[in-house]
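Taking it in order: structure first as structure tokens, then the write-up.
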Amino acid sequence: MLALYYYPGNASLLPHMMLREIGAEFELRLVDRGQNVQKSAEYLKLNPNGRIPVLVDGDLVLFETAAVALHLADKFPQAGLAPAVGTSERAEFYKWMIHLTNTPQAEYRAWFYPHEHVSDEATAPAVKQAANERLTRMFDVISEQLGDKPWLLGDRFSAADLFLFMLIRWGRGMPRPPRNLPNLNALAERVLARPAVQKVLEAEGIKAPVF
Ligand SMILES: N[C@@H](CCC(=O)N[C@@H](CS)C(=O)NCC(=O)O)C(=O)O
């Protein structure tokens with residue numbers, strides 16, 4: 001039995017899109033951020049960091065978005081969300097999954113939660129501004145690397161494209177949103193057109209403009 005702890009549009013969006021791409025049976029469990037439920041004693045038993053998402057897979061309780069994504073790709077190989085283990089394509093897939101999680105995704109913490117990075121609240125806007133500058137450069141590099149290829153791995157769609165789609169979406173309020181880069185906009189449009197992704201947006205109540 002699979003259950004995903006989620007909040008609309010949060011990092012849970014990646015595993016949610018994967019679960020719908022896979023066609024797996026799963027339960028969606030809302031973590032009400034409005035009530036700070038991610039910091040409740042009950043939720044902290046699942047993820048002691050108090051962050052979303054968590055995937056429950058039988059006895060396994062897994063936090064960290066990228067770990068959840070890699071687990072789902074491995075558990076359902078028939079869905080083809082990752083290339084075969086031991087291939088060069090798989091190595092490229094790891095490169096993107098790890099780059100996306102520990103570079104732009106991590107940087108978004110400073111953009112969305114600048115107060116966590118300062119001891120003096122008054123300096124939070126400067127932290128946010130610096131995060132914006134770093135994220136802007138990161139998206140420039142990703143866009144150059146993607147070029148006019150349909151997907152990060154070339155012709156082959158993978159979970160890394162869903163991950164990038166989520167990160168493009170998160171930047172829609174930035175001074176220069178990632179969608180302004182034509183390569184990133186084209187990838188996001190391709191992901192958006194996928195029926196599984198449409199189902200996720202509907203289930204999470206996410207309305208246009210999506211990114
Ligand atoms: N590295 C963690 C980060 C997760 C994360 O930052 N989640 C955000 C939502 S996108 C969250 O839980 N925010 C609420 C909070 O920090 O209290 C992961 O990838 O799972």
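Ordered as shown in the structure tokens, chains take letters A, B, and onward, while each chain numbers its residues from 1 and ligands are numbered from 1 in the order shown.
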
Do you have, as JSON lines, the list of residues of region 35-99 of chain A lying at most 6 Å from region 149-163 of chain A, each with its nearest atom pair and that distance in Å to one decimal, counting only C-alpha atoms and ordered by chain then number?
```
{"residue": "A:Leu81", "atom": "CA", "partner": "A:Ser158", "partner_atom": "CA", "distance": 4.4}
{"residue": "A:Ala82", "atom": "CA", "partner": "A:Ser158", "partner_atom": "CA", "distance": 5.4}
{"residue": "A:Met97", "atom": "CA", "partner": "A:Ala160", "partner_atom": "CA", "distance": 5.7}
```

Would you write out, as JSON lines, a table of all residues in chain A that have an atom no more than 7 Å from an atom of ligand 1, listing for each the closest atom pair and the distance in Å to one decimal, considering only C-alpha atoms and all ligand atoms and ordering rows by chain and rising residue number?
```
{"residue": "A:Asn10", "atom": "CA", "partner": "ligand 1", "partner_atom_place_in_ligand_line": "10 (S)", "distance": 3.9}
{"residue": "A:Ala11", "atom": "CA", "partner": "ligand 1", "partner_atom_place_in_ligand_line": "10 (S)", "distance": 4.1}
{"residue": "A:Arg33", "atom": "CA", "partner": "ligand 1", "partner_atom_place_in_ligand_line": "14 (C)", "distance": 7.0}
{"residue": "A:Gln38", "atom": "CA", "partner": "ligand 1", "partner_atom_place_in_ligand_line": "17 (O)", "distance": 6.1}
{"residue": "A:Lys39", "atom": "CA", "partner": "ligand 1", "partner_atom_place_in_ligand_line": "17 (O)", "distance": 6.7}
{"residue": "A:Gly50", "atom": "CA", "partner": "ligand 1", "partner_atom_place_in_ligand_line": "17 (O)", "distance": 6.0}
{"residue": "A:Arg51", "atom": "CA", "partner": "ligand 1", "partner_atom_place_in_ligand_line": "12 (O)", "distance": 3.2}
{"residue": "A:Ile52", "atom": "CA", "partner": "ligand 1", "partner_atom_place_in_ligand_line": "12 (O)", "distance": 3.8}
{"residue": "A:Pro53", "atom": "CA", "partner": "ligand 1", "partner_atom_place_in_ligand_line": "20 (O)", "distance": 5.5}
{"residue": "A:Phe63", "atom": "CA", "partner": "ligand 1", "partner_atom_place_in_ligand_line": "20 (O)", "distance": 5.8}
{"residue": "A:Glu64", "atom": "CA", "partner": "ligand 1", "partner_atom_place_in_ligand_line": "20 (O)", "distance": 3.4}
{"residue": "A:Thr65", "atom": "CA", "partner": "ligand 1", "partner_atom_place_in_ligand_line": "19 (O)", "distance": 3.9}
{"residue": "A:Ala66", "atom": "CA", "partner": "ligand 1", "partner_atom_place_in_ligand_line": "19 (O)", "distance": 6.1}
{"residue": "A:Thr101", "atom": "CA", "partner": "ligand 1", "partner_atom_place_in_ligand_line": "19 (O)", "distance": 6.6}
{"residue": "A:Ala106", "atom": "CA", "partner": "ligand 1", "partner_atom_place_in_ligand_line": "1 (N)", "distance": 6.8}
{"residue": "A:Arg109", "atom": "CA", "partner": "ligand 1", "partner_atom_place_in_ligand_line": "6 (O)", "distance": 6.3}
```

Dump as a compact mmCIF listing (two decimals), in the first residue's frame, selection limited to N, CA, C and O atoms:
```txt
# COMPACT_ATOMS: atom_id res chain seq x y z
N ASN A 10 3.56 21.61 -3.63
CA ASN A 10 4.83 21.47 -2.89
C ASN A 10 5.71 20.40 -3.55
O ASN A 10 5.36 19.86 -4.60
N ALA A 11 6.83 20.09 -2.91
CA ALA A 11 7.76 19.11 -3.49
C ALA A 11 7.11 17.74 -3.70
O ALA A 11 7.62 16.91 -4.46
N ARG A 33 -0.68 22.62 5.57
CA ARG A 33 0.34 23.61 5.94
C ARG A 33 -0.28 24.84 6.58
O ARG A 33 0.37 25.53 7.36
N GLN A 38 2.75 20.00 9.21
CA GLN A 38 4.06 19.37 8.93
C GLN A 38 4.99 19.44 10.14
O GLN A 38 6.02 18.77 10.16
N LYS A 39 4.62 20.26 11.13
CA LYS A 39 5.43 20.35 12.36
C LYS A 39 4.73 19.67 13.55
O LYS A 39 5.17 19.79 14.69
N GLY A 50 10.14 17.74 9.48
CA GLY A 50 8.91 18.54 9.36
C GLY A 50 8.71 19.11 7.96
O GLY A 50 8.23 20.23 7.81
N ARG A 51 9.08 18.33 6.96
CA ARG A 51 8.92 18.82 5.58
C ARG A 51 8.14 17.83 4.73
O ARG A 51 8.09 16.64 5.01
N ILE A 52 7.58 18.36 3.66
CA ILE A 52 6.75 17.61 2.72
C ILE A 52 7.59 17.38 1.47
O ILE A 52 8.26 18.32 1.02
N PRO A 53 7.59 16.16 0.91
CA PRO A 53 6.66 15.05 1.10
C PRO A 53 7.23 13.94 1.98
O PRO A 53 8.40 13.95 2.35
N PHE A 63 11.39 9.97 3.53
CA PHE A 63 11.39 11.41 3.25
C PHE A 63 12.53 11.73 2.30
O PHE A 63 13.36 10.87 2.03
N GLU A 64 12.55 12.96 1.78
CA GLU A 64 13.45 13.47 0.73
C GLU A 64 12.86 13.15 -0.65
O GLU A 64 12.83 11.98 -1.09
N THR A 65 12.46 14.21 -1.31
CA THR A 65 11.80 14.10 -2.62
C THR A 65 12.59 13.24 -3.61
O THR A 65 12.02 12.37 -4.28
N ALA A 66 13.89 13.50 -3.73
CA ALA A 66 14.68 12.78 -4.73
C ALA A 66 14.75 11.29 -4.39
O ALA A 66 14.69 10.44 -5.28
N THR A 101 18.05 18.33 -7.22
CA THR A 101 17.68 18.35 -5.80
C THR A 101 18.65 19.16 -4.95
O THR A 101 18.24 19.87 -4.03
N ALA A 106 17.43 23.10 -3.53
CA ALA A 106 17.96 23.57 -2.24
C ALA A 106 17.98 25.11 -2.21
O ALA A 106 17.68 25.73 -1.18
N ARG A 109 14.92 27.02 -1.11
CA ARG A 109 14.64 27.22 0.33
C ARG A 109 14.98 28.66 0.70
O ARG A 109 14.26 29.31 1.45
```

Looking only at strand (DSSP E or B) from DSSP on the backbone, list the matching residues of region 1-188 of chain A as a ChimeraX atom specification.
/A:2-6,27-30,54-57,60-63,151,154

Could you turn the residues from that selection into a file that holds C-alpha atoms, as a PDB file, in the first residue's frame?
```pdb
ATOM      1  CA  LEU A   2       1.401   3.377  -1.087  1.00  0.00           C
ATOM      2  CA  ALA A   3       0.481   6.697   0.520  1.00  0.00           C
ATOM      3  CA  LEU A   4       1.837  10.129  -0.366  1.00  0.00           C
ATOM      4  CA  TYR A   5       1.777  12.962   2.167  1.00  0.00           C
ATOM      5  CA  TYR A   6       1.377  16.097   0.109  1.00  0.00           C
ATOM      6  CA  GLU A  27      -3.624   7.225  -1.270  1.00  0.00           C
ATOM      7  CA  LEU A  28      -3.121  10.993  -1.122  1.00  0.00           C
ATOM      8  CA  ARG A  29      -2.885  12.366   2.422  1.00  0.00           C
ATOM      9  CA  LEU A  30      -3.076  16.142   2.769  1.00  0.00           C
ATOM     10  CA  VAL A  54       6.719  11.644   2.743  1.00  0.00           C
ATOM     11  CA  LEU A  55       5.997   8.417   0.928  1.00  0.00           C
ATOM     12  CA  VAL A  56       4.743   5.405   2.851  1.00  0.00           C
ATOM     13  CA  ASP A  57       5.266   2.115   1.036  1.00  0.00           C
ATOM     14  CA  LEU A  60       8.880   1.856   4.485  1.00  0.00           C
ATOM     15  CA  VAL A  61       8.516   5.521   5.468  1.00  0.00           C
ATOM     16  CA  LEU A  62      10.595   7.694   3.159  1.00  0.00           C
ATOM     17  CA  PHE A  63      11.389  11.411   3.247  1.00  0.00           C
ATOM     18  CA  TRP A 151      13.901  16.109 -22.644  1.00  0.00           C
ATOM     19  CA  GLY A 154      17.535  13.758 -25.148  1.00  0.00           C
TER      20      GLY A 154
END
```

Kindly indicate which residue among A:Ala196, A:Ala67, A:Ile206, A:Val141 lies nearest to Leu184 (chain A), using only C-alpha atoms for the distances.
A:Val141

As a list in words, please: the residues near Arg172 (chain A) (cut-off 10 Å, only C-alpha atoms, same-chain neighbours under 6 positions excluded).
Pro178, Arg179, Asn180, Pro209, Val210 and Phe211 of chain A

Backbone DSSP call of helix (DSSP H, G or I) for region 17-189 of chain A, listed as number ranges by chain:
A: 17-22, 33-35, 37-39, 41-44, 65-75, 77-79, 88-112, 114-117, 121-146, 159-173, 178-180, 182-189

Quick one: everything within 10 Å of Glu133 (chain A), counting only C-alpha atoms, minus sequence neighbours fewer than 6 positions away in the same chain. Send it as a list in words.
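In the requested form, the answer reads Trp111, Val127, Met174, Pro175 and Arg176 of chain A.
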
Would you export the selected residues with N, CA, C and O atoms as a short mmCIF file (atom, residue, chain, number, x, y, z; two decimals), in the first residue's frame, please?
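And here is the file that came out, selection05.cif:
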```cif
data_model
loop_
_atom_site.label_atom_id
_atom_site.label_comp_id
_atom_site.auth_asym_id
_atom_site.auth_seq_id
_atom_site.Cartn_x
_atom_site.Cartn_y
_atom_site.Cartn_z
N TRP A 111 15.02 31.21 -1.32
CA TRP A 111 14.08 32.12 -2.01
C TRP A 111 12.74 32.17 -1.27
O TRP A 111 12.18 33.23 -1.03
N VAL A 127 18.98 38.18 1.42
CA VAL A 127 19.16 36.74 1.19
C VAL A 127 18.28 36.29 0.03
O VAL A 127 18.71 35.53 -0.85
N MET A 174 9.35 34.73 -9.77
CA MET A 174 10.68 35.36 -9.74
C MET A 174 10.74 36.52 -10.74
O MET A 174 9.97 36.56 -11.70
N PRO A 175 11.66 37.46 -10.50
CA PRO A 175 11.75 38.61 -11.42
C PRO A 175 11.92 38.16 -12.88
O PRO A 175 11.32 38.74 -13.77
N ARG A 176 12.73 37.14 -13.10
CA ARG A 176 12.78 36.55 -14.44
C ARG A 176 12.40 35.08 -14.32
O ARG A 176 13.23 34.22 -14.04
#
```

For CA of Ala131 (chain A) and CA of His115 (chain A), the interatomic separation in Å (one decimal):
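One can read the CA of Ala131 (chain A) to CA of His115 (chain A) distance as 12.2 Å.
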